[in-house]
>>> print(open('work05.cif').read())   # mmCIF, C-alpha atoms
data_input
loop_
_atom_site.label_atom_id
_atom_site.label_comp_id
_atom_site.auth_asym_id
_atom_site.auth_seq_id
_atom_site.Cartn_x
_atom_site.Cartn_y
_atom_site.Cartn_z
CA MET A 43 221.58 197.71 2.71
CA ALA A 44 222.11 195.81 5.97
CA ARG A 45 224.37 198.67 7.17
CA TYR A 46 221.71 201.19 6.12
CA GLN A 47 219.18 199.26 8.21
CA ALA A 48 221.64 199.36 11.11
CA GLY A 49 221.65 203.17 10.95
CA ASP A 50 224.87 203.81 8.98
CA PHE A 51 224.29 207.12 7.18
CA GLY A 52 227.38 206.66 4.99
CA ALA A 53 225.99 203.37 3.69
CA ALA A 54 222.68 205.08 2.90
CA ARG A 55 224.48 207.81 0.95
CA ALA A 56 226.56 205.25 -0.94
CA LEU A 57 223.45 203.27 -1.84
CA ILE A 58 221.68 206.40 -3.07
CA ALA A 59 224.65 207.37 -5.23
CA ARG A 60 224.96 203.84 -6.62
CA VAL A 61 221.32 203.04 -7.44
CA SER A 62 219.91 206.50 -8.26
CA PRO A 63 221.18 206.75 -11.87
CA GLN A 64 219.43 203.56 -12.95
CA LEU A 65 216.29 204.39 -10.93
CA HIS A 66 216.21 207.86 -12.48
CA ARG A 67 216.50 206.31 -15.90
CA PHE A 68 213.71 203.88 -15.02
CA PHE A 69 211.42 206.79 -14.15
CA GLN A 70 212.48 208.84 -17.14
CA LEU A 71 211.72 205.94 -19.51
CA GLN A 72 208.21 205.80 -18.14
CA SER A 73 207.41 209.48 -17.82
CA ALA A 74 209.49 210.99 -20.66
CA ASN A 75 209.85 214.08 -18.49
CA ARG A 76 212.99 214.89 -16.53
CA ALA A 77 211.22 216.99 -13.88
CA ASP A 78 208.79 214.14 -13.21
CA ALA A 79 211.68 211.68 -13.03
CA ASN A 80 213.40 213.90 -10.43
CA ASP A 81 210.24 214.05 -8.31
CA LEU A 82 209.65 210.32 -8.61
CA LEU A 83 213.24 209.56 -7.64
CA GLN A 84 212.90 211.65 -4.48
CA GLU A 85 209.57 210.06 -3.65
CA ALA A 86 210.99 206.57 -4.23
CA TRP A 87 213.90 207.15 -1.83
CA LEU A 88 211.58 208.56 0.82
CA ARG A 89 209.44 205.46 0.56
CA ILE A 90 212.45 203.14 0.52
CA HIS A 91 213.65 204.88 3.66
CA ARG A 92 210.25 204.53 5.36
CA VAL A 93 209.97 200.80 4.64
CA ARG A 94 213.67 199.87 4.80
CA HIS A 95 212.92 197.31 7.52
CA THR A 96 210.98 195.20 4.98
CA TYR A 97 214.22 194.28 3.19
CA GLN A 98 215.37 190.87 4.40
CA PRO A 99 219.19 190.68 4.50
CA GLY A 100 220.63 188.04 2.20
CA ARG A 101 217.98 188.45 -0.46
CA PRO A 102 218.59 190.25 -3.78
CA LEU A 103 218.29 194.00 -3.28
CA LEU A 104 217.29 195.23 -6.75
CA PRO A 105 213.93 193.41 -6.98
CA TRP A 106 213.02 194.93 -3.60
CA ILE A 107 214.02 198.45 -4.69
CA TYR A 108 212.32 198.18 -8.08
CA ALA A 109 209.11 196.77 -6.58
CA ILE A 110 208.86 199.91 -4.42
CA ALA A 111 209.84 202.16 -7.34
CA ARG A 112 207.11 200.61 -9.49
CA ARG A 113 204.55 201.30 -6.78
CA VAL A 114 205.71 204.94 -6.60
CA ARG A 115 205.38 205.23 -10.37
CA VAL A 116 201.91 203.63 -10.43
CA ASP A 117 200.69 205.93 -7.63
CA HIS A 118 202.06 208.95 -9.49
CA TYR A 119 200.47 207.81 -12.75
CA ARG A 120 197.06 207.27 -11.12
CA LYS A 121 197.21 210.65 -9.42
CA ALA A 122 198.23 212.36 -12.66
CA LEU A 123 195.50 210.57 -14.57
CA ARG A 124 192.85 211.85 -12.18
CA THR A 125 194.03 215.43 -12.07
CA THR A 126 195.34 216.25 -15.53
CA VAL A 127 194.35 213.95 -18.35
CA ARG A 128 190.69 214.94 -18.39
CA GLU A 129 191.71 218.57 -18.77
CA LEU A 130 194.32 218.02 -21.52
CA PRO A 131 193.47 220.14 -24.56
CA LEU A 132 193.70 218.42 -27.94
CA GLU A 133 196.65 220.50 -29.13
CA ASP A 134 198.71 219.30 -26.14
CA LEU A 135 198.54 215.65 -27.12
CA PRO A 136 202.02 214.10 -27.26
CA ASP A 137 203.92 214.41 -30.53
CA THR A 138 204.81 210.73 -30.46
CA LEU A 139 201.52 209.96 -32.18
CA VAL A 140 202.84 211.45 -35.40
CA ALA A 141 206.58 211.21 -34.87
CA ASP A 142 209.03 209.38 -37.11
CA PRO A 143 210.20 205.92 -36.12
CA PRO A 144 212.91 206.16 -33.43
CA GLN A 145 216.63 206.24 -34.03
CA ALA A 146 218.81 203.80 -32.15
CA GLU A 147 220.87 206.47 -30.45
CA ASP A 148 219.46 206.66 -26.96
CA LEU A 149 217.49 204.20 -24.94
CA GLU A 150 214.50 206.47 -24.28
CA GLU A 151 213.96 206.96 -28.00
CA LEU A 152 214.63 203.34 -28.83
CA LEU A 153 212.06 202.08 -26.34
CA ALA A 154 209.47 204.76 -27.10
CA PRO A 155 207.25 202.57 -29.33
CA LEU A 156 206.92 199.92 -26.60
CA SER A 157 204.20 199.65 -23.98
CA VAL A 158 204.95 200.72 -20.38
CA GLY A 159 205.21 197.10 -19.24
CA GLN A 160 207.58 196.13 -22.05
CA ARG A 161 209.73 199.20 -21.44
CA GLU A 162 210.10 198.57 -17.72
CA VAL A 163 211.02 194.92 -18.26
CA LEU A 164 213.71 195.79 -20.83
CA GLU A 165 215.02 198.57 -18.60
CA MET A 166 215.38 196.21 -15.65
CA LEU A 167 217.08 193.56 -17.78
CA LYS A 168 219.40 195.82 -19.75
CA VAL A 169 220.10 198.85 -17.54
CA ALA A 170 219.79 197.38 -14.05
CA GLY A 171 221.27 194.05 -15.22
CA MET A 172 218.68 192.00 -13.36
CA SER A 173 217.96 188.36 -14.16
CA LEU A 174 214.57 187.16 -15.48
CA GLU A 175 213.76 185.76 -12.03
CA GLU A 176 214.60 189.10 -10.36
CA VAL A 177 212.50 191.05 -12.88
CA ALA A 178 209.61 188.67 -12.18
CA GLN A 179 209.96 189.35 -8.45
CA ALA A 180 210.12 193.12 -8.94
CA THR A 181 207.09 193.21 -11.23
CA SER A 182 205.04 190.65 -9.25
CA CYS A 183 204.56 188.32 -12.20
CA SER A 184 205.84 184.96 -13.38
CA VAL A 185 209.10 184.37 -15.27
CA GLY A 186 206.99 183.15 -18.20
CA SER A 187 205.13 186.43 -18.31
CA VAL A 188 208.43 188.39 -18.27
CA LYS A 189 209.74 186.26 -21.16
CA GLN A 190 206.55 186.91 -23.10
CA LYS A 191 206.87 190.67 -22.59
CA VAL A 192 210.51 190.58 -23.77
CA HIS A 193 209.53 188.53 -26.80
CA ARG A 194 206.78 190.97 -27.75
CA ALA A 195 209.08 193.94 -27.13
CA TYR A 196 211.70 192.46 -29.47
CA GLU A 197 209.03 191.83 -32.12
CA LYS A 198 207.88 195.42 -31.87
CA LEU A 199 211.46 196.74 -31.99
CA ARG A 200 212.23 194.57 -35.01
CA GLU A 201 209.17 195.95 -36.76
CA THR A 202 210.08 199.54 -35.90
CA MET A 203 213.72 199.19 -36.86
CA SER A 204 212.73 197.63 -40.18
CA LEU A 205 210.69 200.74 -40.86
CA VAL A 206 213.74 202.88 -40.12
CA GLU A 207 215.89 200.74 -42.44
CA LEU A 208 213.28 200.96 -45.16
CA LYS A 209 213.12 204.71 -44.82
CA LYS A 210 216.92 204.97 -45.06
CA ARG A 211 216.99 202.93 -48.26
CA GLN A 212 214.34 205.02 -50.00
CA PRO A 213 215.66 207.36 -52.70
CA GLU A 214 215.87 211.03 -51.76
CA TRP A 215 213.00 212.13 -54.07
CA CYS A 216 210.68 209.57 -52.51
CA ARG A 217 211.41 210.80 -48.97
CA GLU A 218 210.82 214.41 -50.10
CA ARG A 219 207.41 213.49 -51.55
CA GLN A 220 206.40 211.98 -48.22
CA MET B 271 216.82 192.30 -38.11
CA LYS B 272 217.98 189.52 -35.76
CA ASP B 273 217.46 189.30 -31.99
CA SER B 274 221.24 189.47 -31.48
CA GLU B 275 221.37 192.79 -33.35
CA ILE B 276 218.55 194.22 -31.21
CA ASP B 277 220.36 192.91 -28.15
CA GLU B 278 223.55 194.61 -29.23
CA MET B 279 221.74 197.89 -29.87
CA LEU B 280 220.00 197.78 -26.48
CA ASP B 281 223.24 196.92 -24.67
CA LYS B 282 225.04 199.78 -26.39
CA THR B 283 222.41 202.36 -25.45
CA ALA B 284 221.78 200.93 -21.98
CA HIS B 285 225.39 201.37 -20.93
CA VAL B 286 225.59 205.03 -21.84
CA PRO B 287 226.15 206.75 -18.45
CA HIS B 288 223.04 208.46 -17.13
CA ALA B 289 223.69 211.53 -15.01
CA VAL B 290 221.53 212.53 -12.05
CA PRO B 291 221.89 216.14 -10.83
CA VAL B 292 224.28 216.23 -7.86
CA GLY B 293 221.96 218.67 -6.09
CA LEU B 294 219.12 216.17 -6.33
CA LEU B 295 221.21 213.39 -4.80
CA GLN B 296 222.25 215.76 -2.05
CA ARG B 297 218.62 216.71 -1.38
CA ILE B 298 217.64 213.05 -1.18
CA ALA B 299 220.46 212.25 1.23
CA ASP B 300 219.60 215.29 3.37
CA SER B 301 215.94 214.26 3.55
CA LEU B 302 216.98 211.10 5.42
CA GLU B 303 217.87 213.28 8.40
CA PRO B 304 220.90 211.82 10.15
CA PRO B 305 221.46 210.32 12.67
CA LEU B 306 219.54 207.38 11.20
CA GLN B 307 217.59 205.21 13.56
CA PRO B 308 218.52 201.52 13.27
CA VAL B 309 215.57 199.35 12.21
CA ARG B 310 214.87 195.68 12.90
CA PRO B 311 214.38 193.77 9.62
CA LEU B 312 211.26 191.66 9.19
CA ALA B 313 211.39 188.11 10.51
CA PRO B 314 212.32 185.40 7.96
CA THR B 315 209.53 184.47 5.54
CA TRP B 316 209.08 180.96 6.98
CA VAL B 317 208.55 182.35 10.52
CA LEU B 318 205.90 184.78 9.27
CA THR B 319 204.23 182.04 7.20
CA LEU B 320 204.09 179.74 10.22
CA GLY B 321 202.64 182.58 12.29
CA VAL B 322 199.94 183.26 9.70
CA VAL B 323 199.05 179.54 9.41
CA LEU B 324 198.82 179.22 13.20
CA SER B 325 196.68 182.33 13.48
CA GLY B 326 194.23 180.91 10.91
CA ALA B 327 194.18 177.55 12.70
CA ALA B 328 193.57 179.29 16.03
CA ALA B 329 190.65 181.30 14.61
CA ALA B 330 189.07 178.10 13.20
CA PHE B 331 189.70 176.04 16.33
CA VAL B 332 188.43 178.65 18.81
CA GLY B 333 185.32 179.17 16.66
CA ALA B 334 184.63 175.43 16.53
CA ALA B 335 185.31 175.08 20.26
CA ARG B 336 182.57 177.65 20.93
CA ALA B 337 180.10 176.15 18.44
CA GLY B 338 180.94 172.47 18.93
CA PHE B 339 182.98 169.84 17.06
CA GLN B 340 179.95 167.89 15.75
CA GLY B 341 181.23 167.83 12.17
CA PHE B 342 184.68 166.54 13.05
CA GLU B 343 183.27 163.83 15.34
CA ALA B 344 180.83 162.58 12.69
CA LEU B 345 183.50 162.23 9.97
CA SER B 346 185.33 158.94 9.42
CA ILE B 347 189.08 158.96 10.03
CA PRO B 348 190.02 158.79 6.30
CA ALA B 349 187.60 161.68 5.63
CA GLN B 350 189.15 163.69 8.48
CA VAL B 351 192.64 163.07 7.08
CA LEU B 352 191.64 163.95 3.53
CA ILE B 353 189.63 167.10 4.36
CA PHE B 354 191.95 168.59 6.97
CA GLY B 355 195.07 167.51 5.07
CA ALA B 356 193.82 169.35 1.96
CA LEU B 357 192.77 172.38 3.99
CA GLY B 358 196.13 172.49 5.78
CA LEU B 359 198.07 172.23 2.54
CA LEU B 360 196.02 174.90 0.75
CA ALA B 361 196.12 177.21 3.78
CA GLY B 362 199.92 176.79 3.91
CA VAL B 363 200.29 177.74 0.24
CA ALA B 364 197.93 180.70 0.65
CA ALA B 365 199.70 181.86 3.86
CA ALA B 366 203.09 181.77 2.11
CA GLN B 367 201.71 183.98 -0.65
CA VAL B 368 200.06 186.32 1.89
CA VAL B 369 203.49 186.87 3.47
CA ARG B 370 205.08 187.44 0.05
CA GLU B 371 202.49 190.11 -0.75
CA TRP B 372 203.63 192.02 2.35
CA ILE B 373 207.34 191.89 1.41
CA PRO B 374 208.25 193.87 -1.74
CA GLY B 375 210.24 192.04 -4.41
CA SER B 376 209.23 188.55 -3.31
CA ARG B 377 208.61 185.62 -5.62
CA HIS B 378 205.06 185.84 -6.91
CA VAL B 379 202.34 183.30 -7.54
CA ALA B 380 199.13 184.80 -8.94
CA PRO B 381 196.56 185.00 -6.09
CA GLY B 382 193.78 184.26 -8.57
CA ALA B 383 195.47 180.96 -9.46
CA ILE B 384 195.74 179.99 -5.79
CA LEU B 385 192.06 180.81 -5.29
CA ALA B 386 191.04 178.78 -8.35
CA VAL B 387 193.20 175.76 -7.41
CA SER B 388 191.92 175.86 -3.81
CA SER B 389 188.28 175.98 -4.89
CA VAL B 390 188.65 173.18 -7.45
CA ALA B 391 190.69 170.97 -5.08
CA LEU B 392 188.12 171.37 -2.30
CA LEU B 393 185.22 170.65 -4.66
CA ALA B 394 187.03 167.48 -5.77
CA VAL B 395 187.64 166.32 -2.17
CA PHE B 396 184.03 167.03 -1.15
CA ALA B 397 182.62 165.36 -4.28
CA LEU B 398 184.72 162.29 -3.51
CA LEU B 399 183.63 162.03 0.12
CA PHE B 400 179.98 163.08 0.17
CA GLN B 401 177.50 161.15 -1.95
CA ASP B 402 174.13 162.04 -0.41
CA TYR B 403 172.49 164.32 -2.99
CA GLN B 404 169.20 164.79 -1.10
CA THR B 405 168.57 168.30 0.23
CA HIS B 406 166.66 169.62 3.24
CA GLN B 407 166.38 173.35 3.88
CA PHE B 408 169.05 173.86 1.25
CA VAL B 409 169.05 177.66 1.22
CA SER B 410 168.40 178.48 4.88
CA SER B 411 170.94 176.03 6.33
CA GLY B 412 173.39 176.97 3.57
CA LEU B 413 173.15 180.68 4.30
CA THR B 414 173.70 179.99 8.00
CA CYS B 415 176.91 178.12 7.16
CA VAL B 416 178.16 180.82 4.75
CA VAL B 417 177.60 183.53 7.36
CA LYS B 418 179.34 181.46 10.06
CA GLY B 419 182.28 180.74 7.73
CA LEU B 420 182.67 184.40 6.79
CA LEU B 421 182.38 185.54 10.41
CA HIS B 422 185.26 183.20 11.32
CA ALA B 423 187.28 184.40 8.33
CA VAL B 424 187.29 187.91 9.83
CA PRO B 425 189.42 187.10 12.93
CA ALA B 426 191.77 185.00 10.79
CA ALA B 427 192.30 187.94 8.42
CA LEU B 428 192.72 190.40 11.30
CA LEU B 429 195.29 188.17 13.01
CA ALA B 430 197.24 187.75 9.76
CA TRP B 431 197.15 191.51 9.18
CA TRP B 432 198.38 192.13 12.74
CA LEU B 433 201.26 189.70 12.27
CA LEU B 434 202.25 191.38 9.01
CA ARG B 435 201.60 194.98 10.09
CA ARG B 436 205.28 195.94 9.63
CA GLY B 437 205.27 194.76 6.02
CA TYR B 438 204.65 196.88 2.93
CA VAL B 439 202.04 196.01 0.33
CA VAL B 440 202.89 196.83 -3.27
CA ASN B 441 199.53 195.82 -4.75
CA SER B 442 196.68 196.15 -2.26
CA VAL B 443 194.03 194.43 -4.44
CA SER B 444 196.23 191.39 -4.96
CA ALA B 445 197.15 191.34 -1.25
CA GLY B 446 193.47 191.63 -0.28
CA LEU B 447 192.53 188.80 -2.63
CA ILE B 448 195.08 186.35 -1.24
CA ALA B 449 194.50 187.39 2.39
CA GLY B 450 190.77 186.87 1.77
CA THR B 451 191.46 183.43 0.27
CA PHE B 452 193.52 182.44 3.31
CA ALA B 453 190.89 183.77 5.73
CA GLY B 454 188.16 181.95 3.76
CA LEU B 455 190.11 178.70 4.14
CA ALA B 456 190.24 179.32 7.90
CA GLY B 457 186.47 179.95 7.92
CA LEU B 458 185.88 176.76 5.93
CA THR B 459 188.06 174.81 8.37
CA MET B 460 185.82 176.00 11.19
CA LEU B 461 182.75 174.83 9.23
CA GLU B 462 184.27 171.39 8.61
CA LEU B 463 184.99 171.06 12.33
CA HIS B 464 181.51 172.21 13.32
CA CYS B 465 178.88 171.45 10.65
CA ALA B 466 177.49 167.90 10.68
CA ASN B 467 175.30 168.41 7.60
CA PHE B 468 176.91 166.00 5.10
CA GLU B 469 174.50 166.50 2.21
CA ALA B 470 176.73 166.68 -0.86
CA LEU B 471 175.13 169.80 -2.34
CA HIS B 472 175.22 171.64 0.98
CA VAL B 473 178.94 171.04 1.39
CA LEU B 474 179.81 171.49 -2.29
CA VAL B 475 177.90 174.75 -2.71
CA TRP B 476 177.72 176.54 0.60
CA HIS B 477 180.89 175.44 2.37
CA THR B 478 183.11 175.93 -0.69
CA LEU B 479 181.48 179.29 -1.43
CA VAL B 480 183.05 180.75 1.73
CA VAL B 481 186.50 180.80 0.08
CA PRO B 482 185.72 182.79 -3.10
CA LEU B 483 183.35 185.09 -1.20
CA SER B 484 185.97 185.87 1.39
CA ALA B 485 188.58 186.40 -1.38
CA ALA B 486 186.24 188.81 -3.20
CA LEU B 487 185.63 190.75 0.03
CA GLY B 488 189.40 190.91 0.63
CA ALA B 489 190.04 192.24 -2.88
CA LEU B 490 187.24 194.79 -2.44
CA ILE B 491 188.73 196.00 0.85
CA GLY B 492 192.17 196.23 -0.80
CA TRP B 493 190.69 198.27 -3.65
CA GLY B 494 188.86 200.54 -1.21
CA LEU B 495 192.00 201.09 0.86
CA ARG B 496 193.98 202.02 -2.24
CA ARG B 497 191.33 204.52 -3.29
CA SER B 498 191.13 206.10 0.14
CA LEU B 499 194.94 206.35 0.35
CA MET B 500 195.02 208.03 -3.05
CA ARG B 501 192.35 210.50 -1.91
CA ALA B 502 194.21 211.23 1.32
CA ASP B 503 197.40 211.77 -0.69
CA ARG B 504 195.79 214.43 -2.93
#
>>> encode(input="work05.cif", output="structure tokens")
Amino acid sequence: MARYQAGDFGAARALIARVSPQLHRFFQLQSANRADANDLLQEAWLRIHRVRHTYQPGRPLLPWIYAIARRVRVDHYRKALRTTVRELPLEDLPDTLVADPPQAEDLEELLAPLSVGQREVLEMLKVAGMSLEEVAQATSCSVGSVKQKVHRAYEKLRETMSLVELKKRQPEWCRERQ
Amino acid sequence: MKDSEIDEMLDKTAHVPHAVPVGLLQRIADSLEPPLQPVRPLAPTWVLTLGVVLSGAAAAFVGAARAGFQGFEALSIPAQVLIFGALGLLAGVAAAQVVREWIPGSRHVAPGAILAVSSVALLAVFALLFQDYQTHQFVSSGLTCVVKGLLHAVPAALLAWWLLRRGYVVNSVSAGLIAGTFAGLAGLTMLELHCANFEALHVLVWHTLVVPLSAALGALIGWGLRRSLMRADR
């Protein structure tokens, strides 16, 4: 990052290649739409580029990047809320309202039942490999609040996975009746 | 299901490689437009914090110099130490958080908590020092003090904003709230230097009110800025 600030284009490219997959995943977990995630990733890098001087060398990089990425996501969400949600016809409501409990095969599906805040905290901890302190810095909240979100997320996941287990154990005829 | 099993499941799914289209990465890199201009990183946090504290002190001192130091001169030395020591400490804590709000990914202390602690601490100090509960022209003299305090909070906030103009605010309402708290503390410092009305209720109500009022105005400005930026973006 220090080399990027010094004007090294190669360092900027390397940073983009290194961080983009996890940032893209971060956006995809929140938007559940690959096209949106692509747009948000581009927007995030443009903003990171514009405010790259605000990174202070020697400090952890990921909380800085994720704090900016969160702001991009929130701006996008607010804009989308104003322009589209009011016009959404009933039949276009997301299927997740009536979907089956998630399978533990991919992260997006696994984290689907969680709230946005819980999802982003788990994504930062598990995918980006950040510490609790770093997640707290990126999300502008206390370590205690991050721990509480993780705790609630695990409770919710436990509940959801128990449902899946229960469903698996049901006899075939019972599942057919449902 | 145990936490360790959930952990294991999350770890397994989190480490599945996630592909980003190569074309997209290329587009992002191209949008940076080489050759890149080198940029000067922000000054260290402690330098910025010191700058913000000094700007607040300057706003309070210049204001009191114009209006007169009657309040400071009438206070006993222990009262001067206690009041200005508390104000200095609270302004330092608020200034540090103001700086953090302008640097993304910094350690966070809730601005609302700083505002609440500041207000309660100041009420405690004032209640300890001022015992005269008689009132004369309670509302009119109080309103004069509130207006003076808020008017001196404005230059403190503007100076802090100018010092931090290269920063980037992630949450403008939160930044406005803490900047308003800091500016309110600067306005209150000016009042303590200038106002020689030591009636307990006057100081407890009207002087202390400057801090939450200024914080609320700051949060309101932050909210307004965010709305106008969103509109301009559309």
>>> closest_residue(input="work05.cif", among="A:Ala48, A:Ala195, A:Ile90, A:Leu205", to="Pro155 in chain A", atoms="only C-alpha atoms")
A:Ala195
>>> closest_residue(input="work05.cif", among="B:Ala365, B:Gln307, B:Ile373, B:Phe331", to="Arg101 in chain A", atoms="all atoms listed in the file")
B:Ile373
>>> interface_residues(input="work05.cif", of="chain B", to="chain A", cutoff="8 Å", atoms="all atoms listed in the file", output="ChimeraX atom specification")
/B:271-273,276,279-281,283-285,288-290,294-295,298-299,301-302,304-314,373-380,436-438,440-441,500,504
>>> closest_residue(input="work05.cif", among="B:Leu463, B:Ala335, B:Ala449, B:Ala456", to="Leu359 in chain B", atoms="only C-alpha atoms")
B:Ala456
>>> residues_around(input="work05.cif", residues="Gly338 in chain B", least_positions_apart="5", cutoff="10 Å", atoms="only C-alpha atoms", output="PyMOL selection string")
chain B and resi 331-333+343+460+463-465
>>> resolve_selection(input="work05.cif", expression="the PyMOL selection byres ((chain B and resi 489) around 6)", output="PyMOL selection string")
chain B and resi 443+446-447+486-488+490-492
>>> closest_residue(input="work05.cif", among="B:Val475, B:Ser388, B:Tyr403, B:Ser444", to="Cys415 in chain B", atoms="all atoms listed in the file")
B:Val475
>>> atom_distance(input="work05.cif", atom1="CA of Phe452 in chain B", atom2="CA of Ala337 in chain B")
21.2 Å
>>> atom_distance(input="work05.cif", atom1="CA of Phe396 in chain B", atom2="CA of Val481 in chain B")
14.0 Å
>>> resolve_selection(input="work05.cif", expression="the PyMOL selection byres ((chain B and resi 405-412) around 7)", output="PyMOL selection string")
chain B and resi 403-404+413-416+469+472+476
>>> residues_around(input="work05.cif", residues="Leu428 in chain B", least_positions_apart="4", cutoff="12 Å", atoms="all atoms listed in the file", output="count of residues only")
19
>>> atom_distance(input="work05.cif", atom1="CA of Trp431 in chain B", atom2="CA of Gly382 in chain B")
19.5 Å
>>> closest_residue(input="work05.cif", among="A:Thr202, A:Leu82, A:Val163, A:Leu156", to="Ser187 in chain A", atoms="only C-alpha atoms")
A:Val163
>>> closest_residue(input="work05.cif", among="B:Ile448, B:Leu399, B:Ala327, B:Val480", to="Ile384 in chain B", atoms="only C-alpha atoms")
B:Ile448
>>> axis_aligned_box(input="work05.cif", around="range 319-336 of chain B", padding_each_side="5 Å", output="JSON")
{"center_x": 193.4, "center_y": 179.2, "center_z": 14.1, "size_x": 31.7, "size_y": 18.2, "size_z": 23.7}
